[in-house]
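Below is input_5.csv, holding CSV, C-alpha atoms and all ligand atoms.
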chain,number,residue,atom,x,y,z
A,1,MET,CA,-22.8,43.1,-5.1
A,2,TYR,CA,-21.4,44.5,-8.3
A,3,ASP,CA,-21.9,48.1,-9.5
A,4,LEU,CA,-22.4,46.8,-13.0
A,5,ILE,CA,-23.0,43.5,-14.8
A,6,ILE,CA,-22.4,43.4,-18.6
A,7,ILE,CA,-24.1,40.5,-20.3
A,8,GLY,CA,-22.3,39.6,-23.5
A,9,SER,CA,-18.7,39.9,-24.7
A,10,GLY,CA,-18.9,41.0,-28.3
A,11,PRO,CA,-17.6,44.4,-29.4
A,12,ALA,CA,-20.4,46.2,-27.4
A,13,GLY,CA,-19.8,44.2,-24.2
A,14,LEU,CA,-16.0,44.4,-24.4
A,15,ALA,CA,-16.0,48.2,-25.1
A,16,ALA,CA,-18.4,48.6,-22.1
A,17,ALA,CA,-16.0,46.4,-20.0
A,18,ILE,CA,-13.1,48.7,-20.9
A,19,TYR,CA,-15.0,51.9,-20.1
A,20,ALA,CA,-16.3,50.4,-16.8
A,21,GLN,CA,-12.8,49.5,-15.7
A,22,ARG,CA,-11.6,53.0,-16.5
A,23,ALA,CA,-14.5,54.4,-14.5
A,24,MET,CA,-13.5,52.1,-11.6
A,25,LEU,CA,-16.9,50.4,-11.4
A,26,LYS,CA,-16.9,47.0,-9.8
A,27,THR,CA,-17.9,45.1,-12.9
A,28,LEU,CA,-18.7,41.5,-14.0
A,29,VAL,CA,-18.9,40.4,-17.6
A,30,LEU,CA,-21.0,37.4,-18.2
A,31,GLU,CA,-20.4,35.6,-21.5
A,32,ALA,CA,-22.2,32.6,-22.9
A,33,SER,CA,-19.3,31.0,-24.7
A,34,TYR,CA,-15.6,30.6,-23.8
A,35,VAL,CA,-14.5,32.7,-26.8
A,36,SER,CA,-15.1,36.4,-26.6
A,37,GLY,CA,-15.7,38.6,-29.7
A,38,GLY,CA,-19.3,37.8,-30.6
A,39,GLN,CA,-20.3,37.6,-34.2
A,40,ILE,CA,-17.0,38.9,-35.6
A,41,ILE,CA,-15.1,35.8,-34.6
A,42,ASN,CA,-16.9,34.1,-37.6
A,43,THR,CA,-16.0,36.9,-40.0
A,44,TYR,CA,-13.0,36.2,-42.2
A,45,GLU,CA,-11.9,39.8,-42.7
A,46,ILE,CA,-13.1,43.0,-41.3
A,47,ASP,CA,-12.4,46.0,-43.5
A,48,ASN,CA,-14.6,48.7,-42.0
A,49,TYR,CA,-13.4,49.0,-38.4
A,50,LEU,CA,-11.3,52.2,-38.0
A,51,GLY,CA,-7.6,51.6,-38.0
A,52,PHE,CA,-7.6,47.8,-38.7
A,53,PRO,CA,-8.1,47.4,-42.4
A,54,GLY,CA,-8.2,43.7,-43.5
A,55,GLU,CA,-8.0,42.4,-39.9
A,56,SER,CA,-9.5,39.0,-39.3
A,57,GLY,CA,-12.6,39.0,-37.1
A,58,MET,CA,-11.0,36.4,-34.8
A,59,GLU,CA,-7.9,38.6,-34.3
A,60,LEU,CA,-9.9,41.7,-33.7
A,61,GLY,CA,-12.1,39.9,-31.2
A,62,LYS,CA,-9.0,38.6,-29.4
A,63,ALA,CA,-7.5,42.1,-29.3
A,64,PHE,CA,-10.7,43.5,-27.8
A,65,ARG,CA,-10.7,40.8,-25.1
A,66,GLU,CA,-7.0,41.3,-24.4
A,67,HIS,CA,-7.6,45.0,-23.9
A,68,ALA,CA,-10.3,44.3,-21.4
A,69,ASP,CA,-8.1,41.7,-19.6
A,70,LYS,CA,-5.2,44.2,-19.4
A,71,LEU,CA,-7.5,46.6,-17.5
A,72,GLY,CA,-8.5,43.8,-15.1
A,73,ALA,CA,-12.1,43.1,-16.2
A,74,GLU,CA,-13.7,40.1,-14.5
A,75,PHE,CA,-15.2,37.5,-16.8
A,76,VAL,CA,-17.5,34.5,-15.9
A,77,THR,CA,-18.7,32.1,-18.6
A,78,ALA,CA,-22.4,31.5,-17.8
A,79,ARG,CA,-25.5,31.6,-19.9
A,80,VAL,CA,-28.0,34.1,-18.5
A,81,THR,CA,-31.5,32.7,-18.0
A,82,GLY,CA,-33.4,35.6,-16.5
A,83,ILE,CA,-33.2,39.0,-14.7
A,84,ASP,CA,-35.1,40.4,-11.7
A,85,ALA,CA,-35.3,44.1,-12.4
A,86,GLY,CA,-35.8,45.6,-8.9
A,87,ASP,CA,-33.7,48.3,-7.3
A,88,VAL,CA,-31.1,45.6,-6.8
A,89,LYS,CA,-30.8,43.8,-10.1
A,90,VAL,CA,-30.4,40.0,-9.9
A,91,VAL,CA,-29.0,38.2,-12.9
A,92,HIS,CA,-29.8,34.5,-13.0
A,93,THR,CA,-27.5,32.1,-14.8
A,94,LYS,CA,-27.3,28.3,-15.0
A,95,LYS,CA,-24.4,28.4,-12.6
A,96,ALA,CA,-25.3,31.1,-10.0
A,97,ASP,CA,-27.1,34.4,-9.4
A,98,TYR,CA,-25.3,37.7,-9.4
A,99,GLU,CA,-26.4,41.1,-8.0
A,100,ALA,CA,-25.7,44.5,-9.4
A,101,LYS,CA,-26.9,48.1,-9.3
A,102,ALA,CA,-27.0,48.4,-13.1
A,103,ILE,CA,-27.0,46.1,-16.1
A,104,ILE,CA,-25.8,46.5,-19.7
A,105,ILE,CA,-27.3,44.0,-22.1
A,106,ALA,CA,-25.0,43.4,-25.0
A,107,THR,CA,-26.1,39.9,-26.1
A,108,GLY,CA,-26.2,40.8,-29.8
A,109,ALA,CA,-28.1,39.1,-32.6
A,110,VAL,CA,-27.5,36.2,-34.9
A,111,ASN,CA,-28.1,36.2,-38.6
A,112,ARG,CA,-31.0,34.0,-39.7
A,113,LYS,CA,-29.7,31.1,-41.8
A,114,LEU,CA,-31.3,29.7,-44.9
A,115,GLY,CA,-30.4,26.2,-43.8
A,116,VAL,CA,-29.5,25.0,-47.3
A,117,ALA,CA,-26.7,22.7,-48.4
A,118,GLY,CA,-23.3,24.4,-48.6
A,119,GLU,CA,-24.3,27.5,-46.6
A,120,GLU,CA,-22.5,26.5,-43.4
A,121,GLU,CA,-19.4,25.0,-45.0
A,122,LEU,CA,-18.9,28.0,-47.3
A,123,SER,CA,-19.7,30.7,-44.7
A,124,GLY,CA,-16.9,33.2,-44.7
A,125,SER,CA,-15.7,31.7,-48.1
A,126,GLY,CA,-18.2,33.5,-50.3
A,127,VAL,CA,-21.3,33.1,-48.2
A,128,SER,CA,-21.8,36.3,-46.3
A,129,TYR,CA,-24.4,37.9,-44.1
A,130,CYS,CA,-23.1,41.4,-44.4
A,131,ALA,CA,-22.8,43.1,-47.8
A,132,THR,CA,-21.3,46.4,-46.3
A,133,CYS,CA,-18.6,44.3,-44.6
A,134,ASP,CA,-17.7,41.9,-47.4
A,135,GLY,CA,-19.0,43.4,-50.6
A,136,ALA,CA,-15.7,45.0,-51.6
A,137,PHE,CA,-14.1,41.6,-51.9
A,138,PHE,CA,-16.5,40.8,-54.8
A,139,LYS,CA,-15.8,43.8,-57.1
A,140,GLY,CA,-16.0,42.8,-60.8
A,141,SER,CA,-17.7,39.4,-59.9
A,142,ASP,CA,-21.3,38.0,-60.2
A,143,VAL,CA,-23.0,37.6,-56.8
A,144,ALA,CA,-26.4,36.7,-55.4
A,145,VAL,CA,-28.5,38.3,-52.7
A,146,CYS,CA,-31.2,36.3,-51.0
A,147,GLY,CA,-34.1,38.1,-49.2
A,148,GLY,CA,-36.9,40.6,-49.9
A,149,GLY,CA,-36.6,43.1,-47.0
A,150,ASP,CA,-34.9,46.4,-46.7
A,151,VAL,CA,-31.6,44.9,-46.1
A,152,ALA,CA,-31.7,42.6,-49.1
A,153,LEU,CA,-32.8,45.5,-51.4
A,154,GLU,CA,-30.1,47.8,-49.9
A,155,ASP,CA,-27.5,45.0,-50.3
A,156,ALA,CA,-28.4,44.4,-53.9
A,157,LEU,CA,-28.1,48.2,-54.7
A,158,TYR,CA,-24.8,48.4,-52.8
A,159,LEU,CA,-23.3,45.4,-54.5
A,160,ALA,CA,-24.5,46.5,-57.9
A,161,ARG,CA,-22.1,49.5,-57.7
A,162,GLY,CA,-19.1,47.2,-57.8
A,163,CYS,CA,-20.2,43.8,-59.0
A,164,THR,CA,-20.8,42.8,-62.6
A,165,LYS,CA,-24.1,41.3,-61.9
A,166,VAL,CA,-26.3,40.8,-58.8
A,167,HIS,CA,-29.0,38.1,-58.8
A,168,LEU,CA,-31.7,39.0,-56.3
A,169,ILE,CA,-33.6,35.9,-55.1
A,170,HIS,CA,-36.8,36.3,-53.1
A,171,ARG,CA,-39.3,33.7,-52.1
A,172,ARG,CA,-42.4,35.8,-53.0
A,173,ASP,CA,-43.3,38.1,-55.9
A,174,GLU,CA,-43.9,41.0,-53.6
A,175,PHE,CA,-41.0,42.6,-51.7
A,176,ARG,CA,-41.2,43.3,-48.0
A,177,GLY,CA,-38.8,46.2,-48.2
A,178,ALA,CA,-39.5,49.9,-49.0
A,179,LYS,CA,-41.1,50.7,-52.3
A,180,CYS,CA,-38.5,53.3,-53.1
A,181,LEU,CA,-35.8,50.8,-52.7
A,182,GLU,CA,-37.6,48.3,-54.8
A,183,ASP,CA,-38.0,50.9,-57.6
A,184,GLN,CA,-34.3,51.6,-57.5
A,185,VAL,CA,-33.6,47.9,-57.6
A,186,ARG,CA,-35.9,47.4,-60.6
A,187,SER,CA,-34.3,50.2,-62.5
A,188,THR,CA,-30.7,49.1,-61.9
A,189,SER,CA,-29.6,47.3,-65.1
A,190,ASN,CA,-27.1,44.9,-63.5
A,191,ILE,CA,-29.6,43.5,-60.9
A,192,GLU,CA,-31.6,40.5,-62.1
A,193,ILE,CA,-34.7,39.7,-60.0
A,194,HIS,CA,-35.7,36.0,-59.5
A,195,THR,CA,-39.1,35.6,-57.9
A,196,PRO,CA,-40.8,33.6,-56.5
A,197,ALA,CA,-37.5,31.7,-56.1
A,198,VAL,CA,-35.5,30.0,-53.4
A,199,ILE,CA,-31.9,28.9,-53.2
A,200,LYS,CA,-31.8,25.1,-53.0
A,201,GLU,CA,-28.0,24.8,-52.6
A,202,ILE,CA,-24.8,26.8,-52.5
A,203,LYS,CA,-22.0,24.9,-54.4
A,204,GLY,CA,-18.2,25.3,-54.4
A,205,ASN,CA,-15.0,23.6,-53.7
A,206,GLY,CA,-13.6,25.6,-50.8
A,207,VAL,CA,-15.1,28.9,-52.1
A,208,VAL,CA,-18.5,29.7,-53.5
A,209,GLU,CA,-18.8,28.8,-57.3
A,210,SER,CA,-22.5,28.7,-58.0
A,211,ILE,CA,-26.0,28.6,-56.5
A,212,VAL,CA,-28.9,26.3,-57.4
A,213,VAL,CA,-32.1,28.3,-57.7
A,214,GLU,CA,-35.6,27.0,-58.0
A,215,ASN,CA,-38.4,29.1,-59.4
A,216,THR,CA,-41.2,27.9,-57.1
A,217,GLY,CA,-43.9,29.2,-59.5
A,218,THR,CA,-42.8,27.2,-62.5
A,219,GLY,CA,-40.7,24.5,-60.8
A,220,SER,CA,-37.8,25.2,-63.1
A,221,VAL,CA,-34.3,24.8,-61.6
A,222,GLU,CA,-31.1,26.6,-62.8
A,223,GLU,CA,-27.5,26.9,-61.6
A,224,LEU,CA,-26.1,30.4,-61.5
A,225,PRO,CA,-22.4,30.9,-61.4
A,226,VAL,CA,-21.6,33.4,-58.6
A,227,LYS,CA,-18.6,34.1,-56.4
A,228,GLY,CA,-20.6,35.5,-53.5
A,229,ALA,CA,-23.9,34.6,-51.9
A,230,PHE,CA,-25.2,37.3,-49.6
A,231,ILE,CA,-27.9,36.0,-47.3
A,232,ALA,CA,-30.2,38.8,-46.0
A,233,VAL,CA,-33.2,37.0,-44.5
A,234,GLY,CA,-33.3,38.9,-41.2
A,235,MET,CA,-31.7,38.7,-37.8
A,236,THR,CA,-32.7,37.1,-34.5
A,237,PRO,CA,-31.7,39.1,-31.4
A,238,ASN,CA,-30.6,37.1,-28.4
A,239,THR,CA,-33.3,38.4,-26.1
A,240,GLY,CA,-35.3,35.3,-25.1
A,241,PHE,CA,-34.3,35.8,-21.4
A,242,LEU,CA,-35.6,39.3,-21.4
A,243,LYS,CA,-39.3,38.7,-22.2
A,244,GLY,CA,-41.4,40.5,-19.6
A,245,VAL,CA,-38.3,42.3,-18.2
A,246,VAL,CA,-37.7,45.2,-20.6
A,247,GLU,CA,-39.7,46.4,-23.6
A,248,LEU,CA,-38.9,44.5,-26.8
A,249,ASN,CA,-40.1,45.4,-30.3
A,250,GLU,CA,-42.0,43.1,-32.6
A,251,GLY,CA,-38.7,41.7,-33.9
A,252,GLY,CA,-37.5,40.9,-30.4
A,253,TYR,CA,-35.0,43.8,-30.2
A,254,VAL,CA,-34.6,45.7,-26.9
A,255,VAL,CA,-36.3,49.1,-27.4
A,256,ALA,CA,-33.5,51.7,-26.6
A,257,GLY,CA,-32.3,54.8,-28.3
A,258,GLU,CA,-28.9,56.2,-28.9
A,259,ASP,CA,-28.6,56.8,-25.1
A,260,THR,CA,-28.9,53.0,-24.7
A,261,LYS,CA,-31.6,53.4,-22.0
A,262,THR,CA,-34.2,50.7,-21.9
A,263,SER,CA,-37.8,50.8,-20.5
A,264,VAL,CA,-36.3,49.9,-17.1
A,265,PRO,CA,-34.1,52.4,-15.2
A,266,GLY,CA,-30.7,51.0,-14.6
A,267,ILE,CA,-30.8,48.5,-17.5
A,268,PHE,CA,-29.1,49.6,-20.7
A,269,ALA,CA,-28.8,47.9,-24.1
A,270,ALA,CA,-25.7,48.2,-26.3
A,271,GLY,CA,-24.9,46.9,-29.8
A,272,ASP,CA,-26.9,44.8,-32.2
A,273,VAL,CA,-29.4,43.7,-29.5
A,274,ARG,CA,-31.0,47.2,-29.4
A,275,THR,CA,-33.3,49.0,-31.9
A,276,LYS,CA,-30.9,50.8,-34.2
A,277,ARG,CA,-30.2,51.4,-37.9
A,278,LEU,CA,-26.6,50.4,-38.4
A,279,ARG,CA,-25.5,47.2,-36.8
A,280,GLN,CA,-21.7,47.0,-37.2
A,281,VAL,CA,-18.6,46.6,-35.0
A,282,ILE,CA,-17.9,50.3,-34.9
A,283,THR,CA,-21.4,51.2,-33.8
A,284,ALA,CA,-21.5,48.4,-31.2
A,285,ALA,CA,-18.3,49.6,-29.7
A,286,ALA,CA,-19.6,53.1,-29.5
A,287,ASP,CA,-22.8,51.9,-27.8
A,288,GLY,CA,-20.7,50.1,-25.1
A,289,ALA,CA,-19.0,53.4,-24.3
A,290,VAL,CA,-22.2,55.3,-24.2
A,291,ALA,CA,-24.0,52.7,-22.1
A,292,VAL,CA,-21.3,52.9,-19.4
A,293,THR,CA,-21.5,56.7,-19.3
A,294,TYR,CA,-25.3,56.5,-18.5
A,295,ALA,CA,-24.9,53.4,-16.2
A,296,GLU,CA,-22.3,55.3,-14.2
A,297,GLU,CA,-24.6,58.3,-13.9
A,298,TYR,CA,-27.4,55.9,-12.7
A,299,ILE,CA,-25.2,54.2,-10.2
A,300,ARG,CA,-24.0,57.5,-8.8
A,301,GLU,CA,-27.6,58.7,-8.3
A,302,HIS,CA,-28.9,55.5,-6.7
A,401,LIG,P1,-36.9,41.6,-42.8
A,401,LIG,O1,-37.6,42.9,-43.0
A,401,LIG,O2,-37.5,40.7,-41.7
A,401,LIG,O3,-36.9,40.8,-44.1
A,401,LIG,C1,-36.4,39.5,-44.2
A,401,LIG,C2,-36.7,39.0,-45.6
A,401,LIG,O4,-36.1,37.7,-45.7
A,401,LIG,C3,-38.1,38.9,-46.0
A,401,LIG,O5,-38.3,39.3,-47.3
A,401,LIG,C4,-38.4,37.4,-45.9
A,401,LIG,O6,-39.4,37.0,-46.8
A,401,LIG,C5,-37.1,36.8,-46.2
A,401,LIG,N1,-36.9,35.5,-45.5
A,401,LIG,C6,-37.0,35.3,-44.2
A,401,LIG,N2,-36.7,34.0,-43.9
A,401,LIG,C7,-36.4,33.4,-45.1
A,401,LIG,C8,-36.1,32.1,-45.5
A,401,LIG,N3,-35.9,31.1,-44.6
A,401,LIG,N4,-35.8,31.9,-46.8
A,401,LIG,C9,-36.0,32.9,-47.7
A,401,LIG,N5,-36.3,34.1,-47.4
A,401,LIG,C10,-36.6,34.4,-46.1
A,401,LIG,O7,-35.4,41.8,-42.4
A,401,LIG,P2,-34.3,42.8,-42.8
A,401,LIG,O8,-34.4,43.1,-44.3
A,401,LIG,O9,-33.0,42.3,-42.3
A,401,LIG,O10,-34.6,44.1,-42.0
A,401,LIG,C11,-34.7,44.1,-40.6
A,401,LIG,C12,-35.4,45.4,-40.1
A,401,LIG,O11,-34.5,46.5,-40.3
A,401,LIG,C13,-36.7,45.6,-40.8
A,401,LIG,O12,-37.6,46.1,-39.9
A,401,LIG,C14,-36.3,46.7,-41.8
A,401,LIG,O13,-37.3,47.5,-42.2
A,401,LIG,C15,-35.2,47.5,-41.0
A,401,LIG,N6,-34.3,48.2,-41.9
A,401,LIG,C16,-34.6,49.4,-42.3
A,401,LIG,C17,-33.8,50.1,-43.2
A,401,LIG,C18,-34.2,51.4,-43.7
A,401,LIG,O14,-35.1,52.0,-43.1
A,401,LIG,N7,-33.6,51.9,-44.8
A,401,LIG,C19,-32.6,49.5,-43.7
A,401,LIG,C20,-32.3,48.2,-43.2
A,401,LIG,C21,-33.2,47.6,-42.4
A,401,LIG,P3,-40.9,37.4,-46.7
A,401,LIG,O15,-41.0,38.8,-47.2
A,401,LIG,O16,-41.6,36.4,-47.7
A,401,LIG,O17,-41.3,37.2,-45.3

Final structure tokens representation of the file:
Amino acid sequence: MYDLIIIGSGPAGLAAAIYAQRAMLKTLVLEASYVSGGQIINTYEIDNYLGFPGESGMELGKAFREHADKLGAEFVTARVTGIDAGDVKVVHTKKADYEAKAIIIATGAVNRKLGVAGEEELSGSGVSYCATCDGAFFKGSDVAVCGGGDVALEDALYLARGCTKVHLIHRRDEFRGAKCLEDQVRSTSNIEIHTPAVIKEIKGNGVVESIVVENTGTGSVEELPVKGAFIAVGMTPNTGFLKGVVELNEGGYVVAGEDTKTSVPGIFAAGDVRTKRLRQVITAAADGAVAVTYAEEYIREH
């Protein structure tokens, strides 16, 4: 039996692996894919992780994994299908079952995609899912933001500080995000609101050059020249295997505070998978460290 099983090998899971090795806990890291690093491996450049300005997401992910390997962390590639949350915790995977005293869930979340032509091909080359990560690369350019929630409104305001023009495209006339944010957006002179409107296509030869937008009220279609297309239409946490195991909120995120404790003693949640405000590499890594601290305390007491 392991002391600790960490599910997921993004920044939260790998930080937890490092802390668990240093705490000399018998630990297993289960990862769903053969490449560690999580979401960042698809990020062209990470400019907001302390000490590594301009590092590629792939390189940062590799460095995190190498650090965990150097400390002797044990990894198994196996997709988790379920958990039995008794005193001894059993993690079921497609390959085998594994037992542990405590579990850290660090399975992250994936950005919801628009599913339009050009989105996938130009992802990382002008199509971005994180304005605070990538916005600085578009200073002085025209960009678009798609979505109508808090994140889209905050992204539009953030980008408007450095970009020449921000086109905000939302599928309904009413915004889902906070009224105070909407008011700020409406009073920002370089944000142009397009509603009810959808992006039909993202165009570009290697990098984003324009988006095709349809006003679904009038049926009119226009092509807007932009260098960046920021998609902010929500996230989907990877928690399907946790239904009925720990408390999830209405969005599917694991309910856990800054102490990473979930509704089940001995199960902790770190990184983007848990309820939190700022989902970034730096906060995910911090969560991993915090989760091991509380997991170690739990293991010692049980
Ligand atoms: P969200 O609130 O779920 O909003 C997603 C937006 O994307 C909605 O406006 C939705 O349109 C739109 N959308 C969804 N699928 C789409 C599609 N296929 N095509 C076009 N548009 C689509 O997600 P979020 O903005 O990422 O925020 C996530 C959570 O974090 C929310 O609970 C939010 O309140 C919270 N948050 C809070 C703060 C804050 O307190 N300051 C800051 C950031 C985030 P509809 O409106 O038509 O459904």

For this session: Find the residue from A:Gly266, A:Gly8, A:Val233, A:Glu258 that sits nearest to Glu301 (chain A); use only C-alpha atoms when measuring.
Result: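 Among the listed residues, A:Gly266 lies closest to Glu301 (chain A).
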
Problem set entry | All residues having an atom within 9 Å of ligand LIG 401 (chain A) (all atoms listed in the file) as JSON, numbers by chain | {"A": [111, 112, 113, 114, 115, 146, 147, 148, 149, 150, 151, 152, 153, 154, 169, 170, 171, 172, 173, 174, 175, 176, 177, 178, 181, 197, 198, 199, 231, 232, 233, 234, 235, 251, 275, 276, 277, 278]}

Exercise. Excluding same-chain residues fewer than 4 positions from Pro265 (chain A), what lies within 12 Å of it counting all atoms listed in the file, as number ranges by chain?
Worked result: A: 85-89, 101-104, 245-247, 256, 260-261, 269, 294-295, 297-299, 301-302

Could you save the residues just selected, with C-alpha atoms, as a PDB file, in the frame of the given file?
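New file selection_5.pdb:
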ATOM      1  CA  ALA A  85     -35.300  44.100 -12.400  1.00  0.00           C
ATOM      2  CA  GLY A  86     -35.800  45.600  -8.900  1.00  0.00           C
ATOM      3  CA  ASP A  87     -33.700  48.300  -7.300  1.00  0.00           C
ATOM      4  CA  VAL A  88     -31.100  45.600  -6.800  1.00  0.00           C
ATOM      5  CA  LYS A  89     -30.800  43.800 -10.100  1.00  0.00           C
ATOM      6  CA  LYS A 101     -26.900  48.100  -9.300  1.00  0.00           C
ATOM      7  CA  ALA A 102     -27.000  48.400 -13.100  1.00  0.00           C
ATOM      8  CA  ILE A 103     -27.000  46.100 -16.100  1.00  0.00           C
ATOM      9  CA  ILE A 104     -25.800  46.500 -19.700  1.00  0.00           C
ATOM     10  CA  VAL A 245     -38.300  42.300 -18.200  1.00  0.00           C
ATOM     11  CA  VAL A 246     -37.700  45.200 -20.600  1.00  0.00           C
ATOM     12  CA  GLU A 247     -39.700  46.400 -23.600  1.00  0.00           C
ATOM     13  CA  ALA A 256     -33.500  51.700 -26.600  1.00  0.00           C
ATOM     14  CA  THR A 260     -28.900  53.000 -24.700  1.00  0.00           C
ATOM     15  CA  LYS A 261     -31.600  53.400 -22.000  1.00  0.00           C
ATOM     16  CA  ALA A 269     -28.800  47.900 -24.100  1.00  0.00           C
ATOM     17  CA  TYR A 294     -25.300  56.500 -18.500  1.00  0.00           C
ATOM     18  CA  ALA A 295     -24.900  53.400 -16.200  1.00  0.00           C
ATOM     19  CA  GLU A 297     -24.600  58.300 -13.900  1.00  0.00           C
ATOM     20  CA  TYR A 298     -27.400  55.900 -12.700  1.00  0.00           C
ATOM     21  CA  ILE A 299     -25.200  54.200 -10.200  1.00  0.00           C
ATOM     22  CA  GLU A 301     -27.600  58.700  -8.300  1.00  0.00           C
ATOM     23  CA  HIS A 302     -28.900  55.500  -6.700  1.00  0.00           C
TER      24      HIS A 302
END

For this session: Work out how far CA of Glu296 (chain A) is from CA of Asn249 (chain A), in Å to one decimal.
Result: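 Atom-to-atom, CA of Asn249 (chain A) to CA of Glu296 (chain A), that is 26.0 Å.
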
For this session: Report the distance between CA of Gly124 (chain A) and CA of Val29 (chain A) in Å, rounded to one decimal place.
Result: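 Answer for the CA of Gly124 (chain A) to CA of Val29 (chain A) separation: 28.1 Å.
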
Problem set entry | Residues near Val91 (chain A), cut-off 12 Å, only C-alpha atoms, skip fewer than 4 positions along chain, as JSON, numbers by chain | {"A": [1, 2, 4, 5, 6, 7, 28, 29, 30, 78, 79, 80, 81, 82, 83, 84, 85, 86, 95, 96, 97, 98, 99, 100, 101, 102, 103, 104, 105, 241, 242, 245, 267]}

Seminar exercise, completed: Atom pair CA of Thr293 (chain A) + CA of Asn238 (chain A), distance 23.4 Å

Problem set entry | Residue among A:Ile282, A:Cys133, A:Val255, A:Val90 lying closest to Gly54 (chain A), counting all atoms listed in the file |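 Between A:Ile282, A:Cys133, A:Val255, A:Val90, the residue approaching Gly54 (chain A) most closely is A:Cys133.
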
Problem set entry | Which of A:Asp47, A:Thr164, A:Gly257, A:Glu223 sits closest to Cys130 (chain A) [using all atoms listed in the file] |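 That would be A:Asp47, the residue with the smallest distance to Cys130 (chain A).
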
For this session: For each of A:Asp259, A:Glu209, A:Glu192, A:Glu214, take the minimum atom-to-atom distance to Leu122 (chain A), counting only C-alpha atoms, then give the residue where this is smallest.
Result: A:Glu209

Exercise. Which is closest to Ser210 (chain A) among A:Ala144, A:Ile40, A:Ala136, A:Ile191, if we use all atoms listed in the file?
Worked result: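 Distance minimum relative to Ser210 (chain A) lands on A:Ala144.
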